[in-house]
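Trainee: Sending over a structure as structure tokens; questions will come in a sec.
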Amino acid sequence: MVNVISENTSLILAAEDCSPEEFEQFHYFSKQEQRFISNLVAHGPVLLKGARGSGKSALMIEASRRMYPENPISSAFGIYISLRHLELLRSEGEKYEGMLCQLIIDAVNNTVLKAGNLFDFNALPNITSLQKELSSLSIAAQKRIVILFDDAAHIGREAPLHEFFDIFRTLSSSIISCKAAIYPGVTKFGTRFDVYNDATVIDVSRNDELEGYNTSFAEIVKKRFSMKLSAESFSGQFTLENVAGFMGRAVLGNMRGFIFAWNKLSENCSNNKISYANITKTLIDLASNYYWPLIEELEPKLGMYAPMINPAKEIAESIFQEAGKQNKQNVLILREISQRLLKPLEILEYTGFISIRDVSRAMKSRGRGIRYSLNLCTLLEKTPGASVTSENYTRWLNELNERNEPLELHKPSELFKIKLPELIDHGEISILNEDISKLKKSRAYPYGLTQHKIDILRAANYLTVSQLAAASNESLLELNEIGEETVKRIHSTVVQAIWM
């Protein structure tokens with residue numbers, strides 16, 4: 001039987017594309033994530049920060065499921081909104097405000113409909129009317145209003161963010177709580193929004209130093225991959241719990257990375273037995289066919305920050321080369337260096353190469369630095385012999401949670417010598433003007449479109465990514481050989497290309 005996760009792209013690329021039944025069936029939330037969800041349901045503004053594929057959308061959707069009307073006894077009215085709308089990216093000023101307000105109005109009306117149309121909501125698409133009507137809805141429902149903005153802002157999309165956060169701040173009150181999912185690298189919150197005073201910032205990255213890490217990933221395997229590897233696959237040193245924990249560490253706890261990793265491990269276990277050889281093959285394959293292509297895929301959607309891609313690659317090569325020689329899972333980068341290389345480091349965090357563990361830590365030879373964990377796939381690629389052995393499996397798994405001293409990178413390091421280019425003077429996202437051939441199945445788009453489907457779309461005059469993104473499901477279904485499953489695949493690929 002073919003596993004549904006490897007065939008249904010929406011379960012890998014976008015939690016919000018899951019049906020309610022699929023969402024409940026395939027998602028598991030650890031104790032740490034339960035606390036995040038509680039923060040999303042509670043009073044007060046929250047910014048949920050995490051790298052691509054870290055599970056922000058799933059947390060927001062689960063929070064909305066725990067509020068009214070999904071949960072009739074909840075004291076909060078939950079409204080989930082995905083901001084993956086092409087025209088929103090192209091708008092500024094009053095047009096942006098009007099479009100964002102209309103999206104909120106539509107989401108509220110859909111939620112009121114789910115509640116059985118028990119309440120009136122007649123807001124106009126402006127912030128004054130919207131705020132007034134939301135307050136009236138809160139009073140009528142006798143519940144707090146919680147608005148969950150998914151994909152509100154992320155790396156490379158800084159131009160309109162001050163407008164979003166102005167609205168976020170204006171709407172927030174004692175009865176209206178705004179929550180937003182953002183990526184690392186959001187810097188332009190605007191002059192009116194003080195990020196650490198006007199919101200609680202939660203980093204959703206999964207820290208392998210916390211208790212229950214292995215158990216959490218083992219539970220994810222049970223939920224999502226029950227048909228992939230049987231109990232007989234695990235023997236000797238390899239248990240479901242420690243293999244799941246090891247693969248979780250390999251991808252720095254990133255949920256999307258873990259799904260790719262476990263699928264690839266299952267494929268490599270052709271004899272249905274876990275071994276060091278097929279774990280090695282899995283990690284090396286992910287390094288070359290998952291991590292490095294992510295950087296390639298990112299470049300055309302970075303806007304003004306596109307020139308930072310090459311420095312990001314250079315930094316990754318330098319860090320992993322040195323860490324691989326010394327078999328170090330963590331690096332401590334002098335603050336002066338990390339501040340100068342901030343944007344390319346944010347790109348590496350976004351793509352899952354590194355993950356911040358300590359924002360400030362004393363270094364042995366004076367000064368303070370930022371500690372990053374490294375993904376084990378790229379680290380293994382740069383390690384002499386490039387092989388997972390019993391020794392480094394035990395060390396990297398670190399079940400005893402022993403303190404591993406990080407590699408320290410100071411001014412004498414190669415990292416200090418890396419120079420950054422000048423930024424381009426406009427923020428246009430080039431992926432929008434790319435030919436749809438860009439979406440063909442490849443290392444960058446492993447769940448992309450076949451050449452045959454691209455030819456069908458091109459014949460119907462869908463020539464660019466933006467034209468395809470603007471196409472309605474109805475217009476696509478009118479094309480020959482395009483059915484509902486193909487439309488879902490097109491949607492998932494376009495979403496990955498523009499927003500993820």
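By convention in this document, the chains of the structure tokens carry letters A, B, ... by their order, each chain's residues are numbered from 1, and ligands are numbered from 1 in the order they are shown.
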Skip range 444-450 of chain A itself and residues of its chain fewer than 3 positions away, then list as an MDAnalysis selection string all residues within 8 Å of it, counting only C-alpha atoms.

Mentor: chainID A and resid 9 289:290 293:294 296:297 439:441 453:454 489:490 493

Trainee: List the spatial neighbours of Glu346 in chain A as an MDAnalysis selection string - criterion: any atom at most 10 Å away, only C-alpha atoms, same-chain residues fewer than 4 positions off excluded.

Mentor: chainID A and resid 51 155 183:186 312 338 341:342 350:356

Trainee: Given the choices A:Ile61, A:Leu477, A:Ile105, A:Met255, which gets closest to Pro20 in chain A if the distance is worked out from only C-alpha atoms?

Mentor: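 The answer is A:Ile61, which sits nearest to Pro20 in chain A.
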
Trainee: Mind checking which residues fall within 12 Å of Thr200 in chain A, counting only C-alpha atoms, ignoring those fewer than 2 positions away in the same chain, and posting them as a PyMOL selection string?

Mentor: chain A and resi 36+39-40+42-49+177-181+194-198+202-203

Trainee: Assign secondary structure with DSSP using the backbone only, and return the residues of range 214-429 of chain A in helix (DSSP H, G or I) as a PyMOL selection string.

Mentor: chain A and resi 214-224+231-233+240-250+255-268+276-301+303-326+335-340+342-350+376-381+390-397+414-417

Trainee: Between CA of Phe121 in chain A and CA of Phe189 in chain A, what distance in Å does the model show, to one decimal?

Mentor: 29.6 Å

Trainee: Please compute the CA of Asn71 in chain A-CA of Thr111 in chain A distance, one decimal, in Å.

Mentor: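 Distance reported for this atom pair: 12.2 Å.
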
Trainee: At what distance in Å, to one decimal, does CA of Leu148 in chain A lie from CA of Ser174 in chain A?

Mentor: 15.8 Å

Trainee: Please, which residues of range 124-349 of chain A, numbered as in this document, come out strand (DSSP E or B) from DSSP, as JSON, numbers by chain?

Mentor: {"A": [144, 145, 146, 147, 148, 149, 150, 151, 152, 153, 176, 177, 178, 179, 180, 181, 182, 200, 201, 202, 203, 330, 331, 332, 333, 334]}

Trainee: Which residues are near range 245-248 of chain A? Cut-off 10 Å, only C-alpha atoms, ignore same chain within fewer than 3 positions. Put them as number ranges by chain.

Mentor: A: 206-208, 212-218, 239-242, 251-255, 257-259, 261-262, 265, 279, 282-283, 375-377, 393-394, 396-399

Trainee: Return the single residue from A:Ala152, A:Val201, A:Ala250, A:Leu118 that is closest to Ile167 in chain A, with distances computed using only C-alpha atoms.

Mentor: A:Ala152

Trainee: I'd like the neighbourhood of Met99 in chain A as a compact mmCIF listing (two decimals) with N, CA and C atoms, in the first residue's frame, where a residue qualifies if any of its atoms comes within 12 Å (using only C-alpha atoms), though same-chain residues fewer than 2 positions away should be ignored.

Mentor:
```txt
# COMPACT_ATOMS: atom_id res chain seq x y z
N LEU A 83 -3.14 34.39 4.55
CA LEU A 83 -2.86 35.60 3.77
C LEU A 83 -2.08 35.29 2.49
N HIS A 85 -2.48 35.47 -0.67
CA HIS A 85 -3.26 36.07 -1.75
C HIS A 85 -2.34 36.95 -2.59
N LEU A 86 -2.29 36.65 -3.88
CA LEU A 86 -1.34 37.29 -4.78
C LEU A 86 -1.50 38.80 -4.80
N GLU A 87 -2.74 39.30 -4.87
CA GLU A 87 -2.95 40.74 -4.96
C GLU A 87 -2.52 41.45 -3.69
N LEU A 88 -2.56 40.76 -2.56
CA LEU A 88 -2.13 41.37 -1.31
C LEU A 88 -0.63 41.68 -1.36
N LEU A 89 0.14 40.81 -2.04
CA LEU A 89 1.58 41.04 -2.18
C LEU A 89 1.88 42.26 -3.04
N ARG A 90 0.95 42.58 -3.94
CA ARG A 90 1.18 43.67 -4.90
C ARG A 90 0.57 44.99 -4.46
N SER A 91 0.02 45.03 -3.26
CA SER A 91 -0.72 46.21 -2.82
C SER A 91 0.02 46.95 -1.71
N GLU A 92 -0.23 48.25 -1.64
CA GLU A 92 0.32 49.08 -0.58
C GLU A 92 -0.72 50.13 -0.19
N GLY A 93 -0.47 50.80 0.93
CA GLY A 93 -1.30 51.91 1.34
C GLY A 93 -2.76 51.56 1.56
N GLU A 94 -3.66 52.45 1.10
CA GLU A 94 -5.09 52.25 1.30
C GLU A 94 -5.60 51.00 0.60
N LYS A 95 -5.00 50.66 -0.54
CA LYS A 95 -5.43 49.46 -1.26
C LYS A 95 -5.13 48.22 -0.42
N TYR A 96 -3.94 48.21 0.20
CA TYR A 96 -3.57 47.07 1.05
C TYR A 96 -4.52 46.96 2.23
N GLU A 97 -4.80 48.09 2.89
CA GLU A 97 -5.71 48.09 4.04
C GLU A 97 -7.08 47.56 3.63
N CYS A 101 -8.64 44.14 5.09
CA CYS A 101 -9.90 44.22 5.83
C CYS A 101 -10.97 43.34 5.19
N GLN A 102 -10.99 43.29 3.85
CA GLN A 102 -11.98 42.46 3.17
C GLN A 102 -11.72 40.98 3.43
N LEU A 103 -10.45 40.58 3.46
CA LEU A 103 -10.11 39.19 3.78
C LEU A 103 -10.57 38.83 5.19
N ILE A 104 -10.39 39.76 6.13
CA ILE A 104 -10.85 39.51 7.50
C ILE A 104 -12.36 39.39 7.53
N ILE A 105 -13.05 40.29 6.82
CA ILE A 105 -14.52 40.27 6.77
C ILE A 105 -15.01 38.94 6.20
N ASP A 106 -14.39 38.49 5.11
CA ASP A 106 -14.80 37.21 4.49
C ASP A 106 -14.58 36.05 5.46
N LEU A 124 -17.63 47.20 6.84
CA LEU A 124 -17.12 47.72 5.58
C LEU A 124 -15.60 47.51 5.55
N PRO A 125 -15.00 47.45 4.36
CA PRO A 125 -13.55 47.15 4.28
C PRO A 125 -12.66 48.33 4.66
N ASN A 126 -12.81 48.80 5.89
CA ASN A 126 -11.89 49.80 6.43
C ASN A 126 -11.71 49.50 7.92
N ILE A 127 -10.61 49.95 8.49
CA ILE A 127 -10.23 49.53 9.83
C ILE A 127 -11.21 50.03 10.89
N GLU A 163 2.40 48.22 7.27
CA GLU A 163 0.95 48.42 7.13
C GLU A 163 0.19 47.29 7.81
N PHE A 164 0.68 46.06 7.65
CA PHE A 164 0.01 44.94 8.31
C PHE A 164 0.06 45.10 9.82
N ILE A 167 -2.29 47.63 11.34
CA ILE A 167 -3.65 47.09 11.46
C ILE A 167 -3.72 46.08 12.60
```

Trainee: Nearest to Ile456 in chain A among A:Gly53, A:Ser437, A:Ser442, A:Ser492, with distances taken over only C-alpha atoms: which residue is it?

Mentor: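 Closest residue, counting only C-alpha atoms: A:Ser437.
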